Number of protein chains: 2
Amino acid sequence: MKQVTKHVIRNDLKRLFTYRLCLIGFKRKGFDRIYSYNLGEEAGVTAEQVRKDFSVFKIKGNKKSGYKINDLLHAINEIFKYQHNQHVIVVGMGNIGKALVQYKRFILRKMVIVASFDIDPSKQSKRFGIPVMPMEMMGEIIKKFHVKVAILAVPDISAQDTANILVDQGITGILNFAPVILKVPDDIIVSNINLCDELESVIYYTQKVM
Amino acid sequence: MKQVTKHVIRNDLKRLFTYRLCLIGFKRKGFDRIYSYNLGEEAGVTAEQVRKDFSVFKIKGNKKSGYKINDLLHAINEIFKYQHNQHVIVVGMGNIGKALVQYKRFILRKMVIVASFDIDPSKQSKRFGIPVMPMEMMGEIIKKFHVKVAILAVPDISAQDTANILVDQGITGILNFAPVILKVPDDIIVSNINLCDELESVIYYTQKVM
């Protein structure tokens, strides 16, 4: 089994999320129909890019008369619609983990954090709406709730070991907050959010570019 | 003043952060010298891409004998080295805001959160190591600490208004956690972290691709 991260979040998928945000914005402003160049301008891409992305995701429209915003929103939502709520676990109940289990927007999108895990027994006594469990119970919970996705918010030093356990237990997607390049099998998707890098990028531009 | 977000975090900058993580990983494993193809393989890009990125950021090396890892790390760190600590404010002290002001890694990279702000007076009495202040004091703090960068963690409904205030007060870089496409002047950099989109992307792959 070769240990490389092959699956990365594609840019067209990321743009789809941007389009959705833009469409919600247009709708709020009272629009009910738009052209691809309106959406492109708002999203910071060309009209061609918008149409290309729509074509990839099989979103149909009429080039001449534009798109109905509600139709587009419906089409995009269909792409992310699953038969059941999506169960997620959080591993590592530091500040980030705690914030995520309390983050109310996930549930609005039918993403349900069913349990969280931490090696520190003192955290397990506290409650954040969802139970904090010892690591040993992970396998049982993953099985019981058919969990495929884990949010990894452990310290960097234990991130790889924890990722190995997650994969062994049947997790196939990891949203990783640890500043570590995880090694996982080919068929596992890892998406990284590195808060320091994100903040440092913004600082870089304010200091060097302007 | 045209209201578009023009400055986006460039991909080469993002890759530079990835290279740094990989280099730290190599170093931990005991390597002290690597070739661009080693780094490329680890970072998931081609060796040519690595050399191209290094060239953009004026990082020098010897194609034949490889790079000394310490030299590379030093060169990358120099790019993000500033004369002073970088002062940052957090606006919105919900779960995410609270987690960020307590996030210890920022300070290791000399990014210092000097104050946080919230419209809810009840949050202002609580303390998270740094003061939580009323919004009215923002201008004073930004001036006093020469703050250029703000982390925006307010609810989506107030994100644009808050961004307008930030820009008026002299902020030139925003790390935005609100699920909103912010309209800012051309010379302002906005970087978005949309936690729902990130999680939903991972779910998408575990459900549809595999």
# chains A, B, ... in the order shown; residues from 1 in each chain; ligands from 1
>>> closest_atom_pairs(of="chain A", to="chain B", cutoff="6 Å", atoms="only C-alpha atoms", output="Markdown table")
| residue | atom | partner | partner_atom | distance |
| --- | --- | --- | --- | --- |
| A:Asn95 | CA | B:Ala99 | CA | 4.8 |
| A:Ile96 | CA | B:Ala99 | CA | 5.5 |
| A:Ala99 | CA | B:Asn95 | CA | 4.9 |
| A:Phe106 | CA | B:Cys196 | CA | 5.9 |
| A:Gly173 | CA | B:Val202 | CA | 5.7 |
| A:Cys196 | CA | B:Phe106 | CA | 5.9 |
| A:Val202 | CA | B:Gly173 | CA | 5.7 |
| A:Thr206 | CA | B:Gly173 | CA | 5.9 |
>>> select_by_dssp(residues="stretch 68-191 of chain A", states="strand (DSSP E or B)", output="PyMOL selection string")
chain A and resi 68+86-91+111-117+132-133+149-152+173-176+189-191
>>> select_by_dssp(residues="stretch 15-188 of chain B", states="helix (DSSP H, G or I)", output="count of residues only")
82
>>> atom_distance(atom1="atom CA of A:Gly170", atom2="atom CA of A:Ile142")
7.5 Å
>>> residues_around(residues="A:Ala178", least_positions_apart="6", cutoff="7 Å", atoms="only C-alpha atoms", output="count of residues only")
7
